[in-house]
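Worksheet: one structure, shown below.
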2 protein chains.
Amino acid sequence: MNNRYWFVGGEQGSWRVTRQAAITGAPLASISRLNVVQAEAAPSVAGTRWALQGLTSNVRYATKDEVATLRSKQESPGRAGSTMAALIPIKKSARWWDLAQDERRAIFEETSHHTAIGLDYLPAIARRLHHSRDLGEPFDFLTWFEFAPQHSEAFDQLLVRLRETPEWSFVEREVEVRLLRGEIVVP
Amino acid sequence: MNNRYWFVGGEQGSWRVTRQAAITGAPLASISRLNVVQAEAAPSVAGTRWALQGLTSNVRYATKDEVATLRSKQESPGRAGSTMAALIPIKKSARWWDLAQDERRAIFEETSHHTAIGLDYLPAIARRLHHSRDLGEPFDFLTWFEFAPQHSEAFDQLLVRLRETPEWSFVEREVEVRLLRGEIVVP
């Protein structure tokens, strides 16, 4: 299995950037297009401004019931109608990572309802989580979202709800890259 | 931070192999010496038979109380008197990794008492855990143990107790490499 994904920002790629914002902390260099590549080694793309990598992995917080509910409702990225996407790289503080498993779980779900909030937007918002922290990357997580244009407002609402949670007080850097699939059609 | 460690088996290295055994599943190619190297890239060592890599990371199961107890009792590898060591690579089954977090925690600690058993041997047995699964390695974990010769029997007992637990029914491959530090002194 290859579980490594690269997000290569620059002037090429099948995703066109419609908005790029630093939500917390330092921004990423501005790009016009993004390539998403599943590969072991960093892809070589002319004009690359940055390349972020992450690994898909097992669940870290979800309980048996939560996993069952997630699996019954969620759909994978790659649906034909999902022409909109977002890449949200996040770095959490050292204070978060020093916490024990039960402390992180309590903040993640019992007080912040992270999984429960996400469930409200399934199956409309497809999501894939990539772990980066152990690789020494600048971010701890890269989350990739895909959805149809009619769910764009719902996605905005999802972000607002997550960013209001106690869990987000541990986020020390967050960037949001919004994307549209395919070429610009000039009539 | 560089949190990546390489365990390079062959004919060179500061650790001499005293015993190498396949406990469950396929063995590793036989080696006479082992190098332990903290580095981003695979070290180039003549005569290498195998090189295993893993990353240190945050705790995955321990609760706040368990972490506090561990931190108050454990010592790090590298003590002058720790002339004996063991490298134990382990691979768990797909059935384990498909379990939710609460199911894995329940097996790991509530029924198998993994942390509790380890605590019985602190600070005598120093331990460092390396995560390998997300890197596509042949093993999921590489655990490194160090201790003084007078604790060798206690270490054997620790292994027996862990291998009797329900958690170990999920181990589908396990190799044990026992080591002695330094040169062979020929009188």
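Chain labels follow the order of the structure tokens: the first chain is A, the next B, and so on; residue numbering restarts at 1 in every chain, and ligands are counted from 1 in their shown order.
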
Can you list every residue of chain A that has an atom at most 10 Å from chain B, with its nearest atom pair and the distance in Å to one decimal, using only C-alpha atoms, ordered by chain then number, as JSON lines?
```
{"residue": "A:Met1", "atom": "CA", "partner": "B:Gly136", "partner_atom": "CA", "distance": 6.9}
{"residue": "A:Asn2", "atom": "CA", "partner": "B:Gly136", "partner_atom": "CA", "distance": 7.0}
{"residue": "A:Asn3", "atom": "CA", "partner": "B:Asp134", "partner_atom": "CA", "distance": 7.3}
{"residue": "A:Arg4", "atom": "CA", "partner": "B:Leu135", "partner_atom": "CA", "distance": 8.3}
{"residue": "A:Glu40", "atom": "CA", "partner": "B:Leu135", "partner_atom": "CA", "distance": 9.3}
{"residue": "A:Gly54", "atom": "CA", "partner": "B:Asp134", "partner_atom": "CA", "distance": 9.8}
{"residue": "A:Leu55", "atom": "CA", "partner": "B:Asp134", "partner_atom": "CA", "distance": 6.6}
{"residue": "A:Thr56", "atom": "CA", "partner": "B:Asp134", "partner_atom": "CA", "distance": 7.5}
{"residue": "A:Ser57", "atom": "CA", "partner": "B:Asp134", "partner_atom": "CA", "distance": 6.3}
{"residue": "A:Asn58", "atom": "CA", "partner": "B:Trp97", "partner_atom": "CA", "distance": 6.2}
{"residue": "A:Val59", "atom": "CA", "partner": "B:Gln101", "partner_atom": "CA", "distance": 6.5}
{"residue": "A:Arg60", "atom": "CA", "partner": "B:Gln101", "partner_atom": "CA", "distance": 5.8}
{"residue": "A:Tyr61", "atom": "CA", "partner": "B:Gln101", "partner_atom": "CA", "distance": 5.4}
{"residue": "A:Ala62", "atom": "CA", "partner": "B:Gln101", "partner_atom": "CA", "distance": 5.7}
{"residue": "A:Thr63", "atom": "CA", "partner": "B:Asp102", "partner_atom": "CA", "distance": 5.1}
{"residue": "A:Lys64", "atom": "CA", "partner": "B:Ala100", "partner_atom": "CA", "distance": 5.0}
{"residue": "A:Asp65", "atom": "CA", "partner": "B:Ala100", "partner_atom": "CA", "distance": 8.5}
{"residue": "A:Glu66", "atom": "CA", "partner": "B:Ala100", "partner_atom": "CA", "distance": 8.4}
{"residue": "A:Val67", "atom": "CA", "partner": "B:Ala100", "partner_atom": "CA", "distance": 6.5}
{"residue": "A:Ala68", "atom": "CA", "partner": "B:Ala100", "partner_atom": "CA", "distance": 9.0}
{"residue": "A:Trp96", "atom": "CA", "partner": "B:Asn58", "partner_atom": "CA", "distance": 9.8}
{"residue": "A:Trp97", "atom": "CA", "partner": "B:Asn58", "partner_atom": "CA", "distance": 6.2}
{"residue": "A:Asp98", "atom": "CA", "partner": "B:Asn58", "partner_atom": "CA", "distance": 7.2}
{"residue": "A:Leu99", "atom": "CA", "partner": "B:Lys64", "partner_atom": "CA", "distance": 7.3}
{"residue": "A:Ala100", "atom": "CA", "partner": "B:Lys64", "partner_atom": "CA", "distance": 5.0}
{"residue": "A:Gln101", "atom": "CA", "partner": "B:Tyr61", "partner_atom": "CA", "distance": 5.5}
{"residue": "A:Asp102", "atom": "CA", "partner": "B:Thr63", "partner_atom": "CA", "distance": 5.1}
{"residue": "A:Glu103", "atom": "CA", "partner": "B:Lys64", "partner_atom": "CA", "distance": 6.7}
{"residue": "A:Arg104", "atom": "CA", "partner": "B:Thr63", "partner_atom": "CA", "distance": 9.5}
{"residue": "A:Arg105", "atom": "CA", "partner": "B:Gln101", "partner_atom": "CA", "distance": 9.6}
{"residue": "A:His131", "atom": "CA", "partner": "B:Asp134", "partner_atom": "CA", "distance": 9.1}
{"residue": "A:Arg133", "atom": "CA", "partner": "B:Ser57", "partner_atom": "CA", "distance": 8.6}
{"residue": "A:Asp134", "atom": "CA", "partner": "B:Ser57", "partner_atom": "CA", "distance": 6.3}
{"residue": "A:Leu135", "atom": "CA", "partner": "B:Leu55", "partner_atom": "CA", "distance": 8.0}
{"residue": "A:Gly136", "atom": "CA", "partner": "B:Met1", "partner_atom": "CA", "distance": 7.0}
```

Please produce a file of those selected residues containing C-alpha atoms, as a CSV table (one decimal), in the first residue's frame.
```csv
chain,number,residue,atom,x,y,z
A,1,MET,CA,0.0,0.0,0.0
A,2,ASN,CA,1.1,3.6,-0.6
A,3,ASN,CA,-0.6,5.8,1.9
A,4,ARG,CA,1.5,8.9,1.2
A,40,GLU,CA,6.2,7.7,-2.2
A,54,GLY,CA,1.0,13.4,4.7
A,55,LEU,CA,0.1,9.8,5.4
A,56,THR,CA,-3.4,8.3,5.8
A,57,SER,CA,-3.5,6.1,8.9
A,58,ASN,CA,-5.8,4.4,11.5
A,59,VAL,CA,-8.4,6.4,13.5
A,60,ARG,CA,-6.9,8.0,16.6
A,61,TYR,CA,-10.0,9.1,18.6
A,62,ALA,CA,-13.2,7.6,17.2
A,63,THR,CA,-15.0,4.9,19.2
A,64,LYS,CA,-16.6,1.8,17.8
A,65,ASP,CA,-20.0,3.5,17.5
A,66,GLU,CA,-18.6,6.6,16.0
A,67,VAL,CA,-16.6,4.6,13.4
A,68,ALA,CA,-19.7,2.5,12.5
A,96,TRP,CA,-1.6,19.5,22.8
A,97,TRP,CA,0.9,16.8,21.9
A,98,ASP,CA,2.1,16.6,25.6
A,99,LEU,CA,-1.4,15.6,26.6
A,100,ALA,CA,-2.2,12.0,27.4
A,101,GLN,CA,-4.6,10.1,25.1
A,102,ASP,CA,-7.7,10.4,27.3
A,103,GLU,CA,-7.1,14.2,27.7
A,104,ARG,CA,-6.9,14.7,23.9
A,105,ARG,CA,-9.9,12.5,23.3
A,131,HIS,CA,-0.9,12.8,9.2
A,133,ARG,CA,3.7,15.6,12.3
A,134,ASP,CA,5.8,12.5,12.7
A,135,LEU,CA,7.4,13.3,9.3
A,136,GLY,CA,8.9,16.6,10.6
```

Among the residues of stretch 4-158 of chain B, find those DSSP assigns to alpha helix (DSSP H) from the backbone and print them as a ChimeraX atom specification.
/B:64-73,94-98,101-105,114-119,152-158

If DSSP is run on the backbone, what residues of stretch 1-185 of chain B are strand (DSSP E or B)? A reply as a VMD selection string would be ideal.
chain B and resid 4 to 10 15 to 24 33 to 38 50 to 55 84 to 92 126 to 131 141 to 147 171 to 181

So how many Å separate atom CA of A:Glu174 and atom CA of A:Ala42, to one decimal?
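According to the coordinates, atom CA of A:Glu174 and atom CA of A:Ala42 are separated by 22.5 Å.
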
Using only C-alpha atoms, which residues sit within 12 Å of stretch 49-51 of chain A once same-chain residues fewer than 4 positions away are excluded, as a CSV table (one decimal) with all heavy atoms, in the first residue's frame?
```csv
chain,number,residue,atom,x,y,z
A,5,TYR,N,0.5,11.0,0.4
A,5,TYR,CA,-0.1,12.0,-0.5
A,5,TYR,C,0.8,13.2,-0.5
A,5,TYR,O,1.2,13.7,0.6
A,5,TYR,CB,-1.5,12.3,-0.2
A,5,TYR,CG,-2.5,11.2,-0.5
A,5,TYR,CD1,-2.7,10.2,0.4
A,5,TYR,CD2,-3.3,11.3,-1.6
A,5,TYR,CE1,-3.6,9.2,0.2
A,5,TYR,CE2,-4.2,10.3,-1.9
A,5,TYR,CZ,-4.4,9.2,-1.0
A,5,TYR,OH,-5.3,8.2,-1.3
A,6,TRP,N,1.0,13.8,-1.7
A,6,TRP,CA,1.7,15.1,-1.8
A,6,TRP,C,0.7,16.2,-2.3
A,6,TRP,O,-0.1,15.9,-3.2
A,6,TRP,CB,2.8,15.0,-2.8
A,6,TRP,CG,3.9,14.1,-2.3
A,6,TRP,CD1,4.0,12.7,-2.4
A,6,TRP,CD2,5.1,14.5,-1.5
A,6,TRP,NE1,5.1,12.3,-1.8
A,6,TRP,CE2,5.8,13.3,-1.3
A,6,TRP,CE3,5.6,15.7,-1.1
A,6,TRP,CZ2,7.0,13.3,-0.6
A,6,TRP,CZ3,6.8,15.7,-0.4
A,6,TRP,CH2,7.5,14.6,-0.1
A,7,PHE,N,0.8,17.3,-1.7
A,7,PHE,CA,0.0,18.5,-2.1
A,7,PHE,C,1.0,19.5,-2.6
A,7,PHE,O,1.7,20.1,-1.8
A,7,PHE,CB,-0.9,19.0,-1.0
A,7,PHE,CG,-1.9,18.0,-0.5
A,7,PHE,CD1,-1.5,17.0,0.5
A,7,PHE,CD2,-3.1,17.9,-1.1
A,7,PHE,CE1,-2.4,16.1,0.9
A,7,PHE,CE2,-4.0,17.0,-0.7
A,7,PHE,CZ,-3.7,16.0,0.3
A,8,VAL,N,1.1,19.6,-4.0
A,8,VAL,CA,2.1,20.4,-4.6
A,8,VAL,C,1.5,21.7,-5.1
A,8,VAL,O,0.7,21.7,-6.1
A,8,VAL,CB,2.8,19.6,-5.7
A,8,VAL,CG1,3.9,20.4,-6.3
A,8,VAL,CG2,3.2,18.3,-5.2
A,9,GLY,N,1.9,22.8,-4.5
A,9,GLY,CA,1.3,24.1,-4.9
A,9,GLY,C,2.3,24.9,-5.8
A,9,GLY,O,3.5,24.9,-5.6
A,10,GLY,N,1.7,25.5,-6.9
A,10,GLY,CA,2.5,26.3,-7.8
A,10,GLY,C,1.6,26.8,-8.9
A,10,GLY,O,0.6,27.5,-8.7
A,11,GLU,N,2.0,26.6,-10.1
A,11,GLU,CA,1.3,27.1,-11.3
A,11,GLU,C,0.6,26.0,-12.1
A,11,GLU,O,0.0,26.3,-13.1
A,11,GLU,CB,2.3,27.9,-12.2
A,11,GLU,CG,2.9,29.0,-11.5
A,11,GLU,CD,4.3,29.3,-12.1
A,11,GLU,OE1,4.7,28.8,-13.2
A,11,GLU,OE2,5.1,30.1,-11.5
A,12,GLN,N,0.8,24.7,-11.7
A,12,GLN,CA,0.2,23.6,-12.4
A,12,GLN,C,-0.6,22.8,-11.5
A,12,GLN,O,-0.5,22.8,-10.3
A,12,GLN,CB,1.3,22.7,-13.0
A,12,GLN,CG,2.2,23.4,-14.0
A,12,GLN,CD,3.2,22.5,-14.6
A,12,GLN,OE1,3.0,21.3,-14.8
A,12,GLN,NE2,4.5,23.0,-14.7
A,27,PRO,N,1.3,32.5,6.8
A,27,PRO,CA,0.7,32.0,5.5
A,27,PRO,C,1.6,31.0,4.8
A,27,PRO,O,2.8,30.9,5.2
A,27,PRO,CB,0.5,33.3,4.7
A,27,PRO,CG,1.5,34.2,5.2
A,27,PRO,CD,1.8,33.9,6.6
A,28,LEU,N,1.1,30.4,3.8
A,28,LEU,CA,1.9,29.7,2.8
A,28,LEU,C,2.1,30.6,1.6
A,28,LEU,O,1.2,31.4,1.3
A,28,LEU,CB,1.1,28.4,2.3
A,28,LEU,CG,1.2,27.2,3.2
A,28,LEU,CD1,0.2,26.1,2.7
A,28,LEU,CD2,2.6,26.6,3.3
A,29,ALA,N,3.2,30.4,0.8
A,29,ALA,CA,3.4,31.2,-0.4
A,29,ALA,C,2.2,31.1,-1.3
A,29,ALA,O,1.6,30.0,-1.5
A,29,ALA,CB,4.7,30.8,-1.1
A,30,SER,N,1.8,32.2,-1.9
A,30,SER,CA,0.6,32.2,-2.8
A,30,SER,C,0.8,31.4,-4.0
A,30,SER,O,1.9,31.4,-4.7
A,30,SER,CB,0.4,33.7,-3.2
A,30,SER,OG,-0.8,33.8,-3.8
A,31,ILE,N,-0.2,30.6,-4.4
A,31,ILE,CA,-0.1,29.7,-5.6
A,31,ILE,C,-1.4,29.9,-6.4
A,31,ILE,O,-2.4,30.5,-5.9
A,31,ILE,CB,0.0,28.2,-5.2
A,31,ILE,CG1,-1.3,27.8,-4.3
A,31,ILE,CG2,1.2,27.9,-4.4
A,31,ILE,CD1,-1.5,26.3,-4.2
A,32,SER,N,-1.4,29.5,-7.7
A,32,SER,CA,-2.5,29.6,-8.5
A,32,SER,C,-3.2,28.2,-8.7
A,32,SER,O,-4.4,28.1,-9.0
A,32,SER,CB,-2.2,30.3,-9.8
A,32,SER,OG,-1.2,29.5,-10.5
A,33,ARG,N,-2.4,27.2,-8.6
A,33,ARG,CA,-2.9,25.8,-8.9
A,33,ARG,C,-2.3,24.8,-7.9
A,33,ARG,O,-1.2,25.0,-7.4
A,33,ARG,CB,-2.6,25.4,-10.3
A,33,ARG,CG,-3.5,26.1,-11.3
A,33,ARG,CD,-3.5,25.5,-12.7
A,33,ARG,NE,-4.6,26.0,-13.5
A,33,ARG,CZ,-5.7,25.4,-13.7
A,33,ARG,NH1,-6.0,24.2,-13.2
A,33,ARG,NH2,-6.7,25.9,-14.4
A,34,LEU,N,-3.0,23.7,-7.7
A,34,LEU,CA,-2.5,22.7,-6.8
A,34,LEU,C,-2.7,21.3,-7.5
A,34,LEU,O,-3.7,21.0,-8.1
A,34,LEU,CB,-3.4,22.7,-5.5
A,34,LEU,CG,-3.0,21.7,-4.4
A,34,LEU,CD1,-1.9,22.2,-3.6
A,34,LEU,CD2,-4.2,21.4,-3.5
A,35,ASN,N,-1.6,20.5,-7.3
A,35,ASN,CA,-1.6,19.1,-7.7
A,35,ASN,C,-1.7,18.2,-6.5
A,35,ASN,O,-1.0,18.4,-5.5
A,35,ASN,CB,-0.2,18.8,-8.3
A,35,ASN,CG,-0.3,18.5,-9.8
A,35,ASN,OD1,-1.2,17.8,-10.3
A,35,ASN,ND2,0.6,19.1,-10.6
A,36,VAL,N,-2.6,17.2,-6.5
A,36,VAL,CA,-2.7,16.2,-5.4
A,36,VAL,C,-2.2,14.9,-6.0
A,36,VAL,O,-2.7,14.4,-7.0
A,36,VAL,CB,-4.1,16.0,-4.9
A,36,VAL,CG1,-4.2,15.1,-3.8
A,36,VAL,CG2,-4.7,17.4,-4.5
A,37,VAL,N,-1.1,14.4,-5.4
A,37,VAL,CA,-0.4,13.2,-6.0
A,37,VAL,C,-0.2,12.1,-4.9
A,37,VAL,O,0.4,12.4,-3.8
A,37,VAL,CB,1.0,13.6,-6.6
A,37,VAL,CG1,1.7,12.4,-7.2
A,37,VAL,CG2,0.9,14.8,-7.5
A,41,ALA,N,7.6,9.3,-3.3
A,41,ALA,CA,8.6,10.4,-3.3
A,41,ALA,C,8.0,11.7,-3.8
A,41,ALA,O,7.0,11.7,-4.5
A,41,ALA,CB,9.8,10.0,-4.2
A,42,ALA,N,8.6,12.8,-3.5
A,42,ALA,CA,8.1,14.1,-3.9
A,42,ALA,C,8.0,14.2,-5.4
A,42,ALA,O,9.0,14.0,-6.0
A,42,ALA,CB,9.0,15.2,-3.3
A,43,PRO,N,6.9,14.5,-6.0
A,43,PRO,CA,6.8,14.7,-7.4
A,43,PRO,C,7.5,15.9,-7.9
A,43,PRO,O,7.6,16.9,-7.2
A,43,PRO,CB,5.3,14.8,-7.7
A,43,PRO,CG,4.6,14.8,-6.4
A,43,PRO,CD,5.6,14.8,-5.3
A,44,SER,N,8.2,15.8,-9.0
A,44,SER,CA,8.9,17.0,-9.6
A,44,SER,C,8.0,17.7,-10.5
A,44,SER,O,7.6,17.2,-11.6
A,44,SER,CB,10.1,16.4,-10.3
A,44,SER,OG,10.7,17.5,-11.0
A,45,VAL,N,7.6,18.9,-10.1
A,45,VAL,CA,6.7,19.7,-10.9
A,45,VAL,C,7.3,21.1,-11.1
A,45,VAL,O,7.7,21.7,-10.1
A,45,VAL,CB,5.3,19.9,-10.2
A,45,VAL,CG1,4.3,20.7,-11.1
A,45,VAL,CG2,4.7,18.5,-9.9
A,89,PRO,N,-4.3,22.8,6.0
A,89,PRO,CA,-3.1,22.3,6.8
A,89,PRO,C,-3.2,23.0,8.2
A,89,PRO,O,-3.5,24.2,8.3
A,89,PRO,CB,-1.9,22.9,6.1
A,89,PRO,CG,-2.4,23.3,4.7
A,89,PRO,CD,-3.8,23.7,4.9
A,137,GLU,N,7.1,17.6,9.2
A,137,GLU,CA,6.6,18.6,8.3
A,137,GLU,C,6.2,19.8,9.0
A,137,GLU,O,6.0,19.9,10.3
A,137,GLU,CB,5.3,18.0,7.6
A,137,GLU,CG,5.6,16.9,6.6
A,137,GLU,CD,6.0,17.5,5.2
A,137,GLU,OE1,5.1,18.3,4.7
A,137,GLU,OE2,7.1,17.3,4.7
A,138,PRO,N,6.0,20.9,8.3
A,138,PRO,CA,5.6,22.2,8.9
A,138,PRO,C,4.2,22.2,9.6
A,138,PRO,O,3.9,22.9,10.5
A,138,PRO,CB,5.7,23.2,7.8
A,138,PRO,CG,5.7,22.5,6.5
A,138,PRO,CD,6.3,21.1,6.9
A,139,PHE,N,3.3,21.3,9.1
A,139,PHE,CA,2.0,21.1,9.7
A,139,PHE,C,1.9,19.7,10.3
A,139,PHE,O,2.6,18.8,9.9
A,139,PHE,CB,0.9,21.3,8.6
A,139,PHE,CG,0.9,22.7,8.1
A,139,PHE,CD1,1.6,23.1,6.9
A,139,PHE,CD2,0.2,23.8,8.7
A,139,PHE,CE1,1.6,24.4,6.4
A,139,PHE,CE2,0.2,25.1,8.2
A,139,PHE,CZ,0.9,25.4,7.1
A,142,LEU,N,-3.0,17.5,7.3
A,142,LEU,CA,-3.5,18.1,6.1
A,142,LEU,C,-4.8,17.5,5.8
A,142,LEU,O,-4.9,16.3,5.6
A,142,LEU,CB,-2.5,17.8,4.9
A,142,LEU,CG,-1.0,18.0,5.1
A,142,LEU,CD1,-0.3,17.4,3.9
A,142,LEU,CD2,-0.8,19.5,5.2
```

Within 10 Å of A:Phe147 using only C-alpha atoms, minus same-chain residues under 3 positions, as a PyMOL selection string
chain A and resi 77-86+123-127+150-152+154-155

Export of the given selection (N, CA and C atoms) as a short mmCIF file (atom, residue, chain, number, x, y, z; two decimals), in the first residue's frame:
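Now in again_12.cif:
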```cif
data_model
loop_
_atom_site.label_atom_id
_atom_site.label_comp_id
_atom_site.auth_asym_id
_atom_site.auth_seq_id
_atom_site.Cartn_x
_atom_site.Cartn_y
_atom_site.Cartn_z
N PRO A 77 -13.43 10.98 -1.48
CA PRO A 77 -13.13 11.99 -2.48
C PRO A 77 -13.09 11.33 -3.87
N GLY A 78 -13.33 12.14 -4.90
CA GLY A 78 -13.26 11.63 -6.27
C GLY A 78 -14.61 11.52 -6.95
N ARG A 79 -15.70 11.92 -6.27
CA ARG A 79 -17.02 11.87 -6.90
C ARG A 79 -17.08 12.87 -8.06
N ALA A 80 -17.79 12.49 -9.12
CA ALA A 80 -17.85 13.32 -10.33
C ALA A 80 -18.37 14.74 -10.01
N GLY A 81 -19.35 14.83 -9.13
CA GLY A 81 -19.96 16.14 -8.85
C GLY A 81 -19.15 17.01 -7.91
N SER A 82 -18.09 16.46 -7.31
CA SER A 82 -17.30 17.22 -6.33
C SER A 82 -16.29 18.10 -7.06
N THR A 83 -16.76 19.24 -7.55
CA THR A 83 -15.88 20.13 -8.31
C THR A 83 -15.23 21.18 -7.42
N MET A 84 -15.61 21.22 -6.15
CA MET A 84 -14.99 22.14 -5.21
C MET A 84 -14.21 21.34 -4.16
N ALA A 85 -13.12 21.96 -3.69
CA ALA A 85 -12.31 21.28 -2.68
C ALA A 85 -11.67 22.31 -1.76
N ALA A 86 -11.14 21.83 -0.64
CA ALA A 86 -10.36 22.68 0.26
C ALA A 86 -9.23 21.85 0.84
N PRO A 123 -23.36 12.76 3.74
CA PRO A 123 -22.19 12.48 2.91
C PRO A 123 -21.76 13.66 2.03
N ALA A 124 -22.41 14.83 2.19
CA ALA A 124 -22.14 15.94 1.25
C ALA A 124 -20.66 16.30 1.18
N ILE A 125 -20.03 16.44 2.37
CA ILE A 125 -18.63 16.86 2.42
C ILE A 125 -17.75 15.61 2.58
N ALA A 126 -17.03 15.24 1.54
CA ALA A 126 -16.09 14.12 1.63
C ALA A 126 -14.77 14.62 2.23
N ARG A 127 -14.11 13.77 2.99
CA ARG A 127 -12.94 14.21 3.77
C ARG A 127 -11.89 13.11 3.79
N GLN A 150 -23.22 23.21 -4.55
CA GLN A 150 -24.40 23.52 -3.72
C GLN A 150 -24.15 23.27 -2.23
N HIS A 151 -23.02 22.65 -1.89
CA HIS A 151 -22.71 22.42 -0.47
C HIS A 151 -21.60 23.35 0.04
N SER A 152 -21.28 24.35 -0.76
CA SER A 152 -20.21 25.27 -0.40
C SER A 152 -20.52 26.04 0.89
N ALA A 154 -22.59 25.08 3.27
CA ALA A 154 -22.56 24.12 4.38
C ALA A 154 -21.12 23.91 4.84
N PHE A 155 -20.20 23.85 3.89
CA PHE A 155 -18.80 23.66 4.25
C PHE A 155 -18.27 24.86 5.04
#
```
